[in-house]
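Have a look at run-v7.csv; it's CSV, C-alpha atoms and all ligand atoms:
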```csv
chain,number,residue,atom,x,y,z
O,1,MET,CA,0.0,0.0,0.0
O,2,ILE,CA,1.3,3.4,-0.9
O,3,ILE,CA,1.0,6.0,1.9
O,4,SER,CA,1.9,9.3,0.5
O,5,SER,CA,2.4,12.8,1.9
O,6,LEU,CA,1.0,15.4,-0.5
O,7,VAL,CA,2.4,18.8,0.5
O,8,ALA,CA,3.5,22.2,-0.7
O,9,MET,CA,6.4,23.8,1.1
O,10,ASN,CA,9.3,26.1,0.6
O,11,ARG,CA,13.0,25.3,1.4
O,12,THR,CA,12.5,26.3,5.1
O,13,LEU,CA,9.7,23.7,5.2
O,14,LEU,CA,7.0,26.4,5.7
O,15,ILE,CA,3.5,25.0,4.9
O,16,GLY,CA,1.0,27.3,6.7
O,17,LYS,CA,0.2,30.7,7.9
O,18,ASP,CA,-2.9,31.8,9.9
O,19,ASN,CA,-4.5,28.3,9.3
O,20,ASP,CA,-4.2,28.9,5.5
O,21,LEU,CA,-1.6,28.4,2.8
O,22,PRO,CA,1.1,31.1,2.7
O,23,TRP,CA,0.7,31.5,-1.1
O,24,HIS,CA,-1.7,31.4,-3.9
O,25,LEU,CA,-0.8,28.8,-6.6
O,26,LYS,CA,-3.7,27.9,-8.8
O,27,ASP,CA,-1.8,25.3,-10.7
O,28,ASP,CA,-0.7,23.6,-7.5
O,29,LEU,CA,-4.3,23.5,-6.3
O,30,ALA,CA,-5.2,21.8,-9.6
O,31,HIS,CA,-2.4,19.3,-9.0
O,32,PHE,CA,-3.6,18.7,-5.5
O,33,LYS,CA,-7.1,18.0,-6.8
O,34,ASN,CA,-5.8,15.8,-9.6
O,35,TYR,CA,-3.5,13.8,-7.4
O,36,SER,CA,-5.9,13.1,-4.6
O,37,MET,CA,-8.9,12.4,-6.8
O,38,ASN,CA,-10.9,9.3,-5.8
O,39,LYS,CA,-8.4,8.4,-3.1
O,40,PRO,CA,-8.8,8.4,0.7
O,41,ILE,CA,-7.3,11.6,2.2
O,42,VAL,CA,-6.3,11.9,5.8
O,43,MET,CA,-6.2,15.3,7.5
O,44,GLY,CA,-6.0,16.9,10.9
O,45,ARG,CA,-8.9,19.0,12.2
O,46,ASN,CA,-7.1,22.3,11.5
O,47,THR,CA,-6.5,21.4,7.9
O,48,TYR,CA,-10.2,20.3,7.6
O,49,GLU,CA,-11.3,23.7,9.0
O,50,SER,CA,-8.9,25.5,6.7
O,51,ILE,CA,-10.4,23.8,3.7
O,52,GLY,CA,-13.8,24.4,5.2
O,53,ARG,CA,-15.7,21.5,3.6
O,54,PRO,CA,-15.2,17.8,2.7
O,55,LEU,CA,-13.4,17.6,-0.7
O,56,PRO,CA,-15.7,16.1,-3.3
O,57,ASN,CA,-14.9,12.7,-4.9
O,58,ARG,CA,-12.4,11.8,-2.2
O,59,TYR,CA,-12.9,9.7,1.0
O,60,ASN,CA,-12.3,12.4,3.6
O,61,ILE,CA,-10.9,11.2,6.9
O,62,VAL,CA,-10.5,13.9,9.7
O,63,ILE,CA,-8.5,13.2,12.8
O,64,SER,CA,-9.8,15.1,15.8
O,65,THR,CA,-10.4,14.7,19.5
O,66,THR,CA,-12.9,17.6,19.5
O,67,PHE,CA,-15.1,16.9,16.5
O,68,ASN,CA,-17.4,14.0,16.7
O,69,LYS,CA,-19.2,14.2,13.4
O,70,VAL,CA,-18.7,16.0,10.0
O,71,ASP,CA,-21.2,15.6,7.2
O,72,GLY,CA,-19.4,14.1,4.2
O,73,ALA,CA,-16.3,13.0,6.2
O,74,VAL,CA,-15.3,10.2,8.6
O,75,VAL,CA,-14.0,11.5,11.9
O,76,VAL,CA,-11.6,9.4,14.0
O,77,ASN,CA,-9.6,10.4,17.1
O,78,ASN,CA,-6.3,8.7,16.2
O,79,LEU,CA,-4.0,7.9,13.2
O,80,PRO,CA,-4.3,4.1,13.4
O,81,ASP,CA,-8.1,4.4,13.0
O,82,ALA,CA,-7.6,6.8,10.1
O,83,ILE,CA,-5.3,4.4,8.3
O,84,GLU,CA,-7.6,1.5,9.0
O,85,ALA,CA,-10.6,3.4,7.6
O,86,ALA,CA,-8.5,4.4,4.6
O,87,LYS,CA,-7.3,0.8,3.9
O,88,LYS,CA,-10.9,-0.5,4.1
O,89,TYR,CA,-11.9,2.2,1.5
O,90,CYS,CA,-9.0,1.2,-0.7
O,91,ILE,CA,-9.9,-2.5,-0.6
O,92,GLU,CA,-13.6,-1.8,-1.4
O,93,ASN,CA,-12.8,0.7,-4.1
O,94,ASN,CA,-9.8,-0.9,-5.8
O,95,GLN,CA,-7.4,1.9,-4.7
O,96,ASP,CA,-3.8,1.3,-3.6
O,97,GLU,CA,-2.9,4.7,-2.1
O,98,ILE,CA,-3.7,6.6,1.1
O,99,VAL,CA,-2.9,10.3,0.8
O,100,ILE,CA,-1.9,12.2,3.9
O,101,ILE,CA,-2.7,15.8,3.3
O,102,GLY,CA,-1.6,17.4,6.5
O,103,GLY,CA,-1.1,19.5,8.4
O,104,ALA,CA,2.1,19.5,10.3
O,105,LYS,CA,0.7,17.6,13.2
O,106,ILE,CA,-0.6,14.8,11.0
O,107,PHE,CA,2.5,14.7,8.8
O,108,ALA,CA,4.5,14.2,12.1
O,109,LEU,CA,2.3,11.5,13.3
O,110,ALA,CA,2.4,9.6,10.0
O,111,LYS,CA,6.1,10.1,9.4
O,112,ASP,CA,7.2,6.5,9.8
O,113,MET,CA,4.5,5.1,7.6
O,114,ILE,CA,4.9,7.5,4.7
O,115,ASN,CA,6.6,5.7,1.7
O,116,LYS,CA,6.0,8.3,-1.0
O,117,LEU,CA,6.5,12.1,-1.0
O,118,VAL,CA,4.7,14.3,-3.4
O,119,ILE,CA,6.2,17.7,-2.7
O,120,THR,CA,5.5,21.0,-4.4
O,121,TRP,CA,8.7,23.0,-3.8
O,122,VAL,CA,7.6,26.7,-3.7
O,123,GLU,CA,10.4,29.1,-4.7
O,124,ALA,CA,9.4,31.6,-1.9
O,125,ASN,CA,12.1,31.0,0.7
O,126,GLU,CA,11.8,34.4,2.2
O,127,LEU,CA,8.3,33.8,3.4
O,128,VAL,CA,7.6,33.1,7.1
O,129,GLY,CA,4.5,31.6,8.7
O,130,ASP,CA,3.5,29.6,11.7
O,131,VAL,CA,3.3,25.9,10.5
O,132,TYR,CA,6.3,23.9,9.2
O,133,TYR,CA,6.6,20.4,7.9
O,134,PRO,CA,8.5,18.2,10.3
O,135,SER,CA,12.2,18.2,9.5
O,136,PHE,CA,13.4,15.3,7.3
O,137,SER,CA,16.2,14.3,5.0
O,138,LEU,CA,15.9,13.4,1.4
O,139,GLU,CA,18.8,11.0,1.8
O,140,ASN,CA,16.5,8.0,2.0
O,141,TRP,CA,14.4,9.0,-0.9
O,142,VAL,CA,14.7,8.5,-4.7
O,143,GLU,CA,13.4,11.2,-6.9
O,144,GLN,CA,11.0,9.8,-9.5
O,145,SER,CA,9.8,12.9,-11.4
O,146,GLN,CA,9.7,16.6,-11.5
O,147,LYS,CA,7.4,19.1,-13.1
O,148,PRO,CA,8.3,22.8,-13.1
O,149,PHE,CA,5.8,25.7,-13.2
O,150,LYS,CA,6.5,29.4,-13.7
O,151,LYS,CA,5.2,32.4,-11.8
O,152,ASN,CA,2.4,34.0,-13.7
O,153,ALA,CA,-1.0,35.6,-13.1
O,154,ASP,CA,-2.3,32.4,-11.5
O,155,ASN,CA,0.7,31.5,-9.5
O,156,ASP,CA,2.4,33.8,-7.0
O,157,TYR,CA,5.8,32.0,-7.3
O,158,ASP,CA,7.8,29.6,-9.4
O,159,PHE,CA,7.4,26.0,-8.1
O,160,VAL,CA,8.3,22.5,-9.0
O,161,ILE,CA,6.4,19.3,-8.2
O,162,LYS,CA,8.6,16.4,-7.3
O,163,GLU,CA,7.7,12.8,-6.4
O,164,TYR,CA,10.0,10.6,-4.3
O,165,LEU,CA,9.9,7.0,-3.3
O,166,LEU,CA,11.4,5.6,-0.1
O,167,LYS,CA,14.6,3.7,-0.8
O,168,LYS,CA,14.1,-0.1,-0.4
Q,201,LIG,N1,1.2,23.6,2.4
Q,201,LIG,C1,0.5,22.4,2.5
Q,201,LIG,O1,0.7,21.5,1.7
Q,201,LIG,C2,-0.4,22.2,3.7
Q,201,LIG,C3,-1.1,21.0,3.8
Q,201,LIG,C4,-2.0,20.9,4.9
Q,201,LIG,C5,-2.1,21.9,5.8
Q,201,LIG,N2,-1.4,23.1,5.6
Q,201,LIG,C6,-1.5,24.2,6.6
Q,201,LIG,O2,-1.1,23.7,7.9
Q,201,LIG,C7,-1.8,24.3,8.9
Q,201,LIG,C8,-2.6,23.3,9.7
Q,201,LIG,O3,-1.7,22.4,10.3
Q,201,LIG,P1,-1.6,22.1,11.8
Q,201,LIG,O4,-0.4,21.3,12.1
Q,201,LIG,O5,-1.9,23.3,12.6
Q,201,LIG,O6,-2.9,21.2,12.1
Q,201,LIG,P2,-3.5,19.8,11.5
Q,201,LIG,O7,-2.4,18.8,11.6
Q,201,LIG,O8,-4.2,20.0,10.3
Q,201,LIG,O9,-4.6,19.5,12.7
Q,201,LIG,C9,-4.2,19.4,14.0
Q,201,LIG,C10,-5.4,18.8,14.8
Q,201,LIG,O10,-5.5,17.4,14.5
Q,201,LIG,C11,-5.9,16.7,15.6
Q,201,LIG,N3,-4.8,15.9,16.0
Q,201,LIG,C12,-3.5,16.0,15.9
Q,201,LIG,N4,-2.8,15.1,16.5
Q,201,LIG,C13,-3.7,14.2,17.0
Q,201,LIG,C14,-3.6,13.0,17.7
Q,201,LIG,N5,-2.4,12.4,18.0
Q,201,LIG,N6,-4.7,12.4,18.1
Q,201,LIG,C15,-5.9,12.9,17.8
Q,201,LIG,N7,-6.1,14.1,17.1
Q,201,LIG,C16,-5.0,14.7,16.7
Q,201,LIG,C17,-6.2,17.7,16.7
Q,201,LIG,O11,-7.5,18.1,16.5
Q,201,LIG,P3,-8.4,18.5,17.8
Q,201,LIG,O12,-7.8,19.7,18.4
Q,201,LIG,O13,-9.8,18.6,17.3
Q,201,LIG,O14,-8.3,17.3,18.7
Q,201,LIG,C18,-5.3,18.8,16.3
Q,201,LIG,O15,-5.6,20.1,16.8
Q,201,LIG,C19,-2.7,25.3,8.1
Q,201,LIG,O16,-2.0,26.6,8.0
Q,201,LIG,C20,-2.9,24.7,6.8
Q,201,LIG,O17,-3.2,25.7,5.8
Q,201,LIG,C21,-0.6,23.2,4.6
```

Let me see the structure of the file written as structure tokens.
Amino acid sequence: MIISSLVAMNRTLLIGKDNDLPWHLKDDLAHFKNYSMNKPIVMGRNTYESIGRPLPNRYNIVISTTFNKVDGAVVVNNLPDAIEAAKKYCIENNQDEIVIIGGAKIFALAKDMINKLVITWVEANELVGDVYYPSFSLENWVEQSQKPFKKNADNDYDFVIKEYLLKK
């Protein structure tokens, strides 16, 4: 089973500011939608609130100790239950990938299970915010692909989307 981390960050590992994204990148949002489509997605309560609604055509799993119920999403209070629900969905729907979509707290919890990284590297290293991806090294990862995008009217910054697989 693939357990991926789908994330956009800059080189300082910044991922969030004021419970939102620190940038506006329309083409990255399209990539996020595309990549996660029809898959189970696992998120923390803050990320759920930041998005503001369950994402359509994906099996939304929210981890929270304070939310009991969300229409259109499954709510669990720990990561193992989230993974179990996602695996069950995969088996029933012929999927082979669970996508962890953040935020920092959930990326940290899932760190040791993640075997694929899908990272949007945003060329905005001067930005600061209040949520950072847990520190990691790319030493154990093999880059599989990269797709660069240029700053334009839709994208605040240049960025490149890279996929990595964990070394065997
Ligand atoms: N750039 C990106 O790709 C990206 C992706 C995702 C998010 N973000 C950004 O990241 C920020 C949100 O991240 P965050 O780290 O603040 O929050 P988060 O990880 O989305 O959610 C944290 C919440 O998850 C629940 N939780 C965390 N650990 C838990 C555990 N062990 N057991 C049970 N529940 C647990 C808790 O909810 P309760 O308090 O309800 O118990 C906790 O408050 C926002 O700024 C968002 O825009 C960026």

Just want the residues within 7 Å of ligand LIG 201 (chain Q), written as a VMD selection string, counting only C-alpha atoms and all ligand atoms.
chain O and resid 6 to 9 15 to 21 43 to 48 50 63 to 67 77 to 79 101 to 107 109 131

Write out as a tab-separated table the residues of range 88-147 of chain O that have any atom within 6 Å of an atom of range 162-167 of chain O, one row each with the nearest atom pair and its distance in Å to one decimal, counting only C-alpha atoms, sorted by chain and then rising number.
```
residue	atom	partner	partner_atom	distance
O:Asn115	CA	O:Leu166	CA	5.1
O:Lys116	CA	O:Leu165	CA	4.7
O:Leu117	CA	O:Tyr164	CA	5.0
O:Val118	CA	O:Glu163	CA	4.5
O:Ile119	CA	O:Lys162	CA	5.3
O:Asn140	CA	O:Lys167	CA	5.5
O:Trp141	CA	O:Leu166	CA	4.6
O:Val142	CA	O:Tyr164	CA	5.2
O:Glu143	CA	O:Tyr164	CA	4.3
O:Gln144	CA	O:Tyr164	CA	5.4
O:Ser145	CA	O:Glu163	CA	5.4
O:Gln146	CA	O:Lys162	CA	4.3
```

Could you turn the residues from that selection into a file that holds C-alpha atoms, as a CSV table (one decimal), keeping the file's coordinate frame?
```
chain,number,residue,atom,x,y,z
O,115,ASN,CA,6.6,5.7,1.7
O,116,LYS,CA,6.0,8.3,-1.0
O,117,LEU,CA,6.5,12.1,-1.0
O,118,VAL,CA,4.7,14.3,-3.4
O,119,ILE,CA,6.2,17.7,-2.7
O,140,ASN,CA,16.5,8.0,2.0
O,141,TRP,CA,14.4,9.0,-0.9
O,142,VAL,CA,14.7,8.5,-4.7
O,143,GLU,CA,13.4,11.2,-6.9
O,144,GLN,CA,11.0,9.8,-9.5
O,145,SER,CA,9.8,12.9,-11.4
O,146,GLN,CA,9.7,16.6,-11.5
```

Selection near Ser135 in chain O, 10 Å with only C-alpha atoms, sequence-local residues under 3 positions removed, as a ChimeraX atom specification
/O:12-13,108,132

How far is it from CA of Val99 in chain O to CA of Arg53 in chain O, in Å with one decimal?
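Atom-to-atom, CA of Val99 in chain O to CA of Arg53 in chain O, that is 17.2 Å.
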
What lies within 7 Å of range 71-75 of chain O using only C-alpha atoms, ignoring chain neighbours under 3 positions off, as a PDB file with C-alpha atoms, keeping the file's coordinate frame?
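Everything below was put into part.pdb:
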```pdb
ATOM      1  CA  PRO O  54     -15.200  17.800   2.700  1.00  0.00           C
ATOM      2  CA  ASN O  60     -12.300  12.400   3.600  1.00  0.00           C
ATOM      3  CA  ILE O  61     -10.900  11.200   6.900  1.00  0.00           C
ATOM      4  CA  VAL O  62     -10.500  13.900   9.700  1.00  0.00           C
ATOM      5  CA  ILE O  63      -8.500  13.200  12.800  1.00  0.00           C
ATOM      6  CA  SER O  64      -9.800  15.100  15.800  1.00  0.00           C
ATOM      7  CA  ASN O  68     -17.400  14.000  16.700  1.00  0.00           C
TER       8      ASN O  68
END
```

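The smallest atom-to-atom distance between Leu127 in chain O and any of O:Tyr35, O:Phe149, O:Tyr157, O:Tyr89, using all atoms listed in the file, is found for O:Tyr157.
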
Report, in Å to a single decimal, how far apart CA of Pro22 in chain O and CA of Asp154 in chain O are.
14.7 Å

Tell me which protein, DNA and RNA residues are within 9 Å of Asn93 in chain O, counting all atoms listed in the file, leaving out same-chain ones fewer than 4 positions away, and put them as a PDB file with C-alpha atoms, keeping the file's coordinate frame.
```pdb
ATOM      1  CA  ASN O  38     -10.900   9.300  -5.800  1.00  0.00           C
ATOM      2  CA  LYS O  39      -8.400   8.400  -3.100  1.00  0.00           C
ATOM      3  CA  LYS O  88     -10.900  -0.500   4.100  1.00  0.00           C
ATOM      4  CA  TYR O  89     -11.900   2.200   1.500  1.00  0.00           C
TER       5      TYR O  89
END
```

Which residue out of O:Leu25, O:Val128, O:Cys90, O:Ile114 has the minimum interatomic distance to Val160 in chain O when only C-alpha atoms are used?
O:Leu25

Which is closest to Asp158 in chain O among O:Trp23, O:Tyr59, O:Phe32, O:Tyr133, if we use all atoms listed in the file?
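Checking each of O:Trp23, O:Tyr59, O:Phe32, O:Tyr133 against Asp158 in chain O, counting all atoms listed in the file, the winner is O:Trp23.
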
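One distance worth recording is that between CA of Lys150 in chain O and CA of Asn34 in chain O, which is 18.8 Å.
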
For Lys26 in chain O, list every protein, DNA or RNA residue within 9 Å, evaluated using all atoms listed in the file, and leave out those in the same chain fewer than 5 positions away; present the list as a PDB file with C-alpha atoms, in the coordinates of the input.
```pdb
ATOM      1  CA  HIS O  31      -2.400  19.300  -9.000  1.00  0.00           C
ATOM      2  CA  ASP O 154      -2.300  32.400 -11.500  1.00  0.00           C
ATOM      3  CA  ASN O 155       0.700  31.500  -9.500  1.00  0.00           C
ATOM      4  CA  ASP O 156       2.400  33.800  -7.000  1.00  0.00           C
TER       5      ASP O 156
END
```

Which residue of O:Ile51, O:Ile41, O:Leu138, O:Ala124 approaches Ile3 in chain O most closely, using all atoms listed in the file
O:Ile41

Please determine, counting all atoms listed in the file, which residue among O:Met1, O:Glu49, O:Ser36, O:Lys151 has the shortest atom-to-atom distance to Glu123 in chain O.
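Among the listed residues, O:Lys151 lies closest to Glu123 in chain O.
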
Counting all atoms listed in the file, the residue of O:Pro40, O:Glu126, O:Ala110, O:His24 that sits nearest Ile98 in chain O:
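Nearest to Ile98 in chain O: O:Pro40.
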
Could you write range 126-137 of chain O as a PDB file, keeping the file's coordinate frame, with N, CA and C atoms rebuilt where they are missing?
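Written out: rebuild.pdb:
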```
ATOM      1  N   GLU O 126      11.803  33.282   1.293  1.00  0.00           N
ATOM      2  CA  GLU O 126      11.800  34.400   2.200  1.00  0.00           C
ATOM      3  C   GLU O 126      10.562  34.482   3.074  1.00  0.00           C
ATOM      4  N   LEU O 127       9.542  33.729   2.690  1.00  0.00           N
ATOM      5  CA  LEU O 127       8.300  33.800   3.400  1.00  0.00           C
ATOM      6  C   LEU O 127       8.406  33.182   4.822  1.00  0.00           C
ATOM      7  N   VAL O 128       7.659  33.747   5.762  1.00  0.00           N
ATOM      8  CA  VAL O 128       7.600  33.100   7.100  1.00  0.00           C
ATOM      9  C   VAL O 128       6.116  32.854   7.395  1.00  0.00           C
ATOM     10  N   GLY O 129       5.885  31.975   8.351  1.00  0.00           N
ATOM     11  CA  GLY O 129       4.500  31.600   8.700  1.00  0.00           C
ATOM     12  C   GLY O 129       4.513  30.996  10.076  1.00  0.00           C
ATOM     13  N   ASP O 130       3.543  30.144  10.356  1.00  0.00           N
ATOM     14  CA  ASP O 130       3.500  29.600  11.700  1.00  0.00           C
ATOM     15  C   ASP O 130       3.368  28.048  11.716  1.00  0.00           C
ATOM     16  N   VAL O 131       3.367  27.399  10.543  1.00  0.00           N
ATOM     17  CA  VAL O 131       3.300  25.900  10.500  1.00  0.00           C
ATOM     18  C   VAL O 131       4.367  25.410   9.549  1.00  0.00           C
ATOM     19  N   TYR O 132       5.184  24.476  10.034  1.00  0.00           N
ATOM     20  CA  TYR O 132       6.300  23.900   9.200  1.00  0.00           C
ATOM     21  C   TYR O 132       6.207  22.412   9.179  1.00  0.00           C
ATOM     22  N   TYR O 133       6.558  21.857   8.025  1.00  0.00           N
ATOM     23  CA  TYR O 133       6.600  20.400   7.900  1.00  0.00           C
ATOM     24  C   TYR O 133       7.710  19.877   8.818  1.00  0.00           C
ATOM     25  N   PRO O 134       7.498  18.717   9.437  1.00  0.00           N
ATOM     26  CA  PRO O 134       8.500  18.200  10.300  1.00  0.00           C
ATOM     27  C   PRO O 134       9.842  17.947   9.573  1.00  0.00           C
ATOM     28  N   SER O 135      10.963  18.245  10.233  1.00  0.00           N
ATOM     29  CA  SER O 135      12.200  18.200   9.500  1.00  0.00           C
ATOM     30  C   SER O 135      12.503  16.753   9.036  1.00  0.00           C
ATOM     31  N   PHE O 136      13.097  16.649   7.863  1.00  0.00           N
ATOM     32  CA  PHE O 136      13.400  15.300   7.300  1.00  0.00           C
ATOM     33  C   PHE O 136      14.554  15.480   6.335  1.00  0.00           C
ATOM     34  N   SER O 137      15.102  14.322   5.953  1.00  0.00           N
ATOM     35  CA  SER O 137      16.200  14.300   5.000  1.00  0.00           C
ATOM     36  C   SER O 137      15.788  13.587   3.763  1.00  0.00           C
TER      37      SER O 137
END
```
